[in-house]
$ cat upload_20.txt   # compact mmCIF, C-alpha atoms
# COMPACT_ATOMS: atom_id res chain seq x y z
CA MET B 1 73.57 129.05 93.56
CA TYR B 2 75.79 131.62 95.24
CA SER B 3 75.26 133.71 98.35
CA ASP B 4 75.18 137.47 97.82
CA SER B 5 75.16 136.91 94.05
CA LEU B 6 72.67 139.72 93.36
CA ASN B 7 75.19 142.47 94.04
CA LEU B 8 77.21 142.88 90.85
CA ASN B 9 79.30 145.83 92.08
CA LEU B 10 81.08 144.27 95.04
CA THR B 11 84.56 145.46 95.95
CA ASP B 12 86.88 144.50 98.78
CA CYS B 13 85.37 141.05 99.12
CA ILE B 14 86.67 137.60 99.96
CA LEU B 15 85.75 134.50 97.99
CA GLU B 16 85.90 131.48 100.29
CA TYR B 17 86.37 128.08 98.66
CA ASP B 18 86.96 124.52 99.90
CA GLY B 19 90.68 124.35 99.04
CA SER B 20 90.31 122.04 96.04
CA PHE B 21 91.41 122.92 92.52
CA ASP B 22 87.83 122.52 91.31
CA GLY B 23 86.75 124.91 94.06
CA PHE B 24 89.38 127.40 92.93
CA LEU B 25 88.09 127.27 89.35
CA CYS B 26 84.56 127.93 90.65
CA ALA B 27 85.91 130.91 92.62
CA VAL B 28 87.48 132.33 89.46
CA HIS B 29 84.14 131.88 87.70
CA GLU B 30 82.44 133.75 90.56
CA PHE B 31 84.97 136.58 90.20
CA TYR B 32 84.05 137.10 86.55
CA LEU B 33 80.33 136.42 87.03
CA LEU B 34 79.97 139.11 89.70
CA LYS B 35 82.37 141.50 87.93
CA LEU B 36 84.37 141.97 91.10
CA ASN B 37 87.24 144.40 91.44
CA GLN B 38 89.33 144.06 94.60
CA VAL B 39 89.04 140.47 95.71
CA GLU B 40 90.86 137.86 97.77
CA ILE B 41 90.39 134.14 97.18
CA GLN B 42 90.90 132.22 100.42
CA LYS B 43 90.43 128.68 101.68
CA GLU B 44 87.62 128.16 104.16
CA GLY B 45 88.89 128.67 107.68
CA SER B 46 91.86 130.73 106.55
CA ALA B 47 93.42 132.89 109.25
CA GLN B 48 93.78 135.75 106.80
CA VAL B 49 91.28 138.46 107.66
CA ALA B 50 90.38 141.61 105.74
CA LEU B 51 88.49 144.26 107.69
CA PHE B 52 85.14 145.37 106.28
CA ALA B 53 85.37 142.80 103.48
CA LYS B 54 82.24 141.04 102.32
CA ARG B 55 82.58 137.25 102.33
CA ILE B 56 81.10 135.06 99.61
CA LYS B 57 81.08 131.30 100.07
CA VAL B 58 81.78 129.58 96.77
CA ILE B 59 80.04 126.26 96.19
CA THR B 60 82.22 123.73 94.36
CA GLN B 61 80.41 122.32 91.33
CA LEU B 62 82.34 119.79 89.25
CA PRO B 63 80.43 120.43 85.98
CA LEU B 64 81.10 124.16 86.33
CA ALA B 65 84.78 123.58 87.14
CA GLU B 66 85.13 121.35 84.06
CA LYS B 67 83.47 124.01 81.92
CA VAL B 68 85.82 126.73 83.22
CA TRP B 69 88.87 124.51 82.71
CA LYS B 70 87.80 123.69 79.15
CA ARG B 71 87.49 127.40 78.38
CA PHE B 72 90.93 128.07 79.84
CA LYS B 73 92.46 125.36 77.64
CA ILE B 74 90.99 127.10 74.59
CA ARG B 75 91.89 130.64 75.65
CA ILE B 76 95.16 130.10 77.53
CA GLY B 77 96.40 126.85 75.97
CA GLY B 78 97.59 123.56 77.39
CA SER B 79 100.95 124.89 78.53
CA GLY B 80 99.39 127.82 80.38
CA CYS B 81 96.86 125.53 82.06
CA SER B 82 99.65 123.19 83.14
CA GLN B 83 101.41 126.16 84.74
CA ILE B 84 98.23 127.10 86.62
CA PHE B 85 97.62 123.57 87.93
CA ARG B 86 101.20 122.94 89.02
CA ALA B 87 101.51 126.30 90.72
CA PHE B 88 98.27 125.62 92.61
CA LEU B 89 99.78 122.36 93.91
CA SER B 90 102.56 124.38 95.57
CA GLU B 91 99.99 125.36 98.24
CA GLU B 92 101.95 128.55 98.80
CA ILE B 93 100.11 131.14 100.90
CA GLY B 94 98.27 133.48 98.55
CA VAL B 95 98.81 131.28 95.48
CA GLU B 96 95.12 131.65 94.56
CA ASN B 97 95.46 135.41 94.16
CA THR B 98 98.72 135.14 92.23
CA LEU B 99 96.97 132.72 89.88
CA LEU B 100 93.92 134.95 89.54
CA ARG B 101 96.16 137.81 88.38
CA TYR B 102 98.02 135.38 86.11
CA ILE B 103 94.72 134.27 84.56
CA GLN B 104 93.56 137.87 84.09
CA HIS B 105 96.84 138.68 82.34
CA ALA B 106 96.63 135.55 80.17
CA LEU B 107 93.04 136.18 79.10
CA SER B 108 93.74 139.79 78.15
CA ALA B 109 97.02 139.09 76.31
CA THR B 110 97.20 138.62 72.55
CA ARG B 111 99.86 135.89 72.79
CA PRO B 112 101.01 133.25 75.31
CA ILE B 113 102.39 134.75 78.52
CA HIS B 114 104.18 131.81 80.16
CA SER B 115 107.61 133.23 79.18
CA ASP B 116 106.76 136.88 79.96
CA PHE B 117 109.00 137.03 83.04
CA SER B 118 108.85 140.82 83.13
CA HIS B 119 105.39 140.35 84.65
CA PRO B 120 105.77 139.64 88.41
CA ASP B 121 102.96 137.09 88.58
CA VAL B 122 104.24 135.17 85.56
CA LEU B 123 107.68 135.05 87.16
CA LYS B 124 106.22 133.93 90.49
CA VAL B 125 104.14 131.19 88.87
CA SER B 126 107.18 129.99 86.93
CA GLN B 127 109.20 129.73 90.15
CA MET B 128 106.45 127.77 91.91
CA VAL B 129 106.10 125.42 88.93
CA LYS B 130 109.84 124.76 88.93
CA SER B 131 109.83 123.92 92.66
CA VAL B 132 106.84 121.60 92.29
CA GLY B 133 108.48 119.91 89.30
CA ARG B 134 111.65 119.21 91.27
CA GLU B 135 109.65 117.66 94.10
CA LYS B 136 107.71 115.52 91.60
CA HIS B 137 110.92 114.05 90.18
CA ARG B 138 112.32 113.44 93.66
CA MET B 139 109.22 111.55 94.73
CA GLU B 140 109.34 109.43 91.57
CA ALA B 141 112.96 108.59 92.37
CA PHE B 142 112.71 108.04 96.13
CA VAL B 143 109.38 106.22 96.56
CA ARG B 144 110.00 102.69 97.87
CA PHE B 145 107.15 100.19 97.85
CA ARG B 146 106.90 97.42 100.43
CA ARG B 147 104.58 94.44 100.05
CA THR B 148 102.00 94.23 102.83
CA LYS B 149 100.40 91.06 104.15
CA ASP B 150 97.29 91.65 102.03
CA GLY B 151 99.36 91.81 98.84
CA ILE B 152 99.29 95.58 98.29
CA TYR B 153 102.56 97.40 97.68
CA PHE B 154 102.52 100.37 100.05
CA ALA B 155 104.65 103.53 100.16
CA HIS B 156 104.35 106.61 102.34
CA ILE B 157 105.73 110.05 101.57
CA ALA B 158 105.61 113.57 103.02
CA PRO B 159 106.40 115.87 100.08
CA ASP B 160 106.82 119.61 100.44
CA PHE B 161 104.15 120.13 97.78
CA ASN B 162 100.98 118.30 96.79
CA VAL B 163 102.56 116.20 94.04
CA LEU B 164 100.49 113.00 94.21
CA PRO B 165 98.35 114.11 91.22
CA LEU B 166 101.55 114.55 89.19
CA ILE B 167 103.21 111.20 89.97
CA SER B 168 100.14 109.03 89.42
CA LYS B 169 100.83 108.38 85.71
CA HIS B 170 104.48 107.47 86.33
CA PHE B 171 103.67 104.72 88.82
CA GLN B 172 100.61 103.46 86.95
CA GLU B 173 102.76 102.89 83.86
CA ARG B 174 105.73 101.46 85.76
CA TYR B 175 103.80 99.14 88.09
CA ALA B 176 100.78 98.28 85.97
CA ASP B 177 100.73 94.63 87.10
CA GLN B 178 100.71 95.30 90.86
CA LYS B 179 98.22 96.73 93.31
CA TRP B 180 99.81 99.67 95.07
CA MET B 181 99.09 102.62 97.32
CA ILE B 182 101.09 105.83 97.88
CA TYR B 183 100.08 107.71 101.02
CA ASP B 184 100.83 111.41 101.60
CA GLU B 185 101.06 111.65 105.37
CA ASN B 186 101.08 115.46 105.33
CA ARG B 187 97.80 115.74 103.43
CA HIS B 188 96.10 112.56 104.63
CA TYR B 189 95.16 111.05 101.31
CA ALA B 190 96.51 108.37 99.01
CA LEU B 191 96.58 107.10 95.46
CA TYR B 192 95.34 103.51 95.19
CA TYR B 193 95.85 101.45 92.02
CA ASP B 194 93.65 98.32 91.74
CA LEU B 195 95.13 96.98 88.45
CA ASN B 196 92.51 98.90 86.44
CA LYS B 197 92.53 102.51 87.57
CA VAL B 198 93.99 104.93 90.11
CA GLU B 199 91.63 106.26 92.76
CA VAL B 200 92.07 109.01 95.34
CA VAL B 201 91.47 107.66 98.85
CA GLU B 202 91.02 109.82 101.94
CA LEU B 203 93.03 108.38 104.85
CA ARG B 204 94.21 109.50 108.25
CA LEU B 205 96.90 107.12 109.38
CA LYS B 206 99.21 107.58 112.34
CA GLU B 207 101.27 110.76 112.10
CA LYS B 208 104.83 110.32 110.81
CA LEU B 209 104.58 106.64 110.08
CA GLU B 210 107.52 104.56 111.27
CA LEU B 211 106.53 101.29 109.69
CA HIS B 212 110.09 99.95 109.77
CA LYS B 213 109.87 99.69 113.58
CA ASN B 214 107.20 96.95 113.43
CA PRO B 215 107.59 95.30 110.01
CA GLU B 216 106.36 91.86 111.14
CA GLY B 217 102.89 93.20 111.89
CA ILE B 218 102.45 94.86 108.51
CA TYR B 219 104.66 93.44 105.78
CA ASP B 220 104.81 90.12 103.99
CA GLU B 221 107.50 87.79 105.39
CA GLN B 222 109.37 87.62 102.07
CA GLU B 223 109.31 91.43 101.88
CA ILE B 224 111.08 91.69 105.25
CA GLU B 225 113.75 89.22 104.10
CA PHE B 226 114.22 91.17 100.86
CA GLN B 227 114.62 94.44 102.76
CA GLU B 228 117.35 92.91 104.92
CA LEU B 229 119.16 91.55 101.85
CA TRP B 230 118.93 94.94 100.14
CA LYS B 231 120.30 96.76 103.19
CA ASP B 232 123.19 94.27 103.41
CA TYR B 233 123.94 94.72 99.71
CA PHE B 234 123.90 98.50 100.04
CA LYS B 235 126.33 98.34 102.97
CA SER B 236 128.69 96.03 101.09
CA THR B 237 128.84 98.31 98.04
CA ASN B 238 129.06 101.53 100.06
CA ILE B 239 132.86 101.56 100.44
CA LYS B 240 133.80 104.09 103.11
CA SER B 241 137.09 105.18 101.48
CA ARG B 242 135.25 106.06 98.26
CA ARG B 243 132.22 107.65 99.91
CA ASN B 244 131.49 111.34 99.42
CA ASP B 245 128.90 112.11 102.11
CA LYS B 246 128.51 115.75 101.09
CA LEU B 247 127.79 114.89 97.46
CA HIS B 248 125.54 112.00 98.47
CA THR B 249 123.44 114.22 100.75
CA GLN B 250 123.19 116.79 97.96
CA HIS B 251 121.62 114.20 95.65
CA VAL B 252 119.66 112.35 98.34
CA PRO B 253 118.68 114.88 101.06
CA LYS B 254 118.37 113.39 104.54
CA ARG B 255 114.67 114.23 104.75
CA TYR B 256 114.05 111.44 102.20
CA TRP B 257 116.11 108.77 103.98
CA ARG B 258 113.25 107.32 106.03
CA TYR B 259 111.52 106.29 102.78
CA LEU B 260 114.54 104.38 101.46
CA THR B 261 114.98 100.74 102.42
CA GLU B 262 118.77 101.00 102.17
CA LYS B 263 118.80 103.94 104.61
CA LEU B 264 116.55 102.66 107.41
CA SER B 265 119.52 101.55 109.53
CA ASP B 266 120.94 105.10 109.39
CA ILE B 267 117.82 106.80 110.79
$ encode --input "upload_20.txt" --output "C-alpha cells"
Amino acid sequence: MYSDSLNLNLTDCILEYDGSFDGFLCAVHEFYLLKLNQVEIQKEGSAQVALFAKRIKVITQLPLAEKVWKRFKIRIGGSGCSQIFRAFLSEEIGVENTLLRYIQHALSATRPIHSDFSHPDVLKVSQMVKSVGREKHRMEAFVRFRRTKDGIYFAHIAPDFNVLPLISKHFQERYADQKWMIYDENRHYALYYDLNKVEVVELRLKEKLELHKNPEGIYDEQEIEFQELWKDYFKSTNIKSRRNDKLHTQHVPKRYWRYLTEKLSDI
C-alpha cells in the first residue's frame, strides 16, 4: 500500500501527498503507522527540499481518510476537528506540519487544547482559523450571482483562502430553488448546485474572468437589464456629500469590487 513501508525506524523523511485534505489525513496515518520521528509533510511537486531525506509517496485512500477523521472526532472532538479543517484551508506554507504537531499535542493531552494559546502551534492554528473565517464571511456577503443564458446563476470569486467548502451550506440554504455555480478562479474548481445537491466541479476557465466586458454573450437579456437598473439605483442613493470613501473601503475592500454589480462601473 505504501512505498518504503517496511522500514519502521525512519527519521528525516518527507511524506508527499496530493494536496487534498483526505491526502493529508492519510499522511498523518502514515506518520503514526511507520512510527516516524522527524518528518515533513509536503504536497507533491513542492519546491521545499530537505537534503538526505527519504521520500515516501502517500496514496490517498478515501476509506482510510474517513476512518482517521472519525477517530479524530472521537479523540479530539468536533471543535478540534473544525480547527484542523479550517486551518488546512488556509493553504499557508507549512500548514501540514503545524497541524501535525497540533494533532500530536491534542492526542496526548488530557483535555481539549483549542484554547491553550501558550502552545505555539495552537496559537498559530487559531490565527489561521480566524483569517479563514473572516474570508468565509466576506465571500458570503460579496458573492453576486448573474443569470446565464442556460438558466444557471453564476458567480466567480478569487478568495485568499480555499473557502468554497465552507460557504456551500450558506448558499444551498439561501438559494435552494435555483441552479447555481460558484467558481474559484484561483483554484480552478467550482461548486455546482442542481436543485438536489452540491457537487465539486473541476474547471479551468479564462484567467481573471472579466465577464462584465461581454455580458451579451453570456448572460440572460433580463439579467443585463437588471444589472443596469441596479447600478443606476446604487448611483442615485450614493450621495457624494454623505459618502465616506475611507470607511466604505474598510468594509468593502477594493479587491472585491469586480464581483459586485453595483461597482462594475468603478473598475
$ atom_distance --input "upload_20.txt" --atom1 "atom CA of Glu30 of chain B" --atom2 "atom CA of Leu123 of chain B"
25.5 Å
$ closest_residue --input "upload_20.txt" --among "B:Glu40, B:Ile182, B:Val125, B:Pro120" --to "Val143 of chain B" --atoms "only C-alpha atoms"
B:Ile182
$ residues_near_point --input "upload_20.txt" --point "(108.5, 126.9, 94.9)" --cutoff "12 Å" --atoms "only C-alpha atoms" --output "number ranges by chain"
B: 86-93, 95, 123-136, 160-162
$ closest_residue --input "upload_20.txt" --among "B:Arg204, B:Arg75, B:Arg147, B:Lys43" --to "Arg55 of chain B" --atoms "all atoms listed in the file"
B:Lys43
$ atom_distance --input "upload_20.txt" --atom1 "atom CA of Val28 of chain B" --atom2 "atom CA of Lys70 of chain B"
13.5 Å
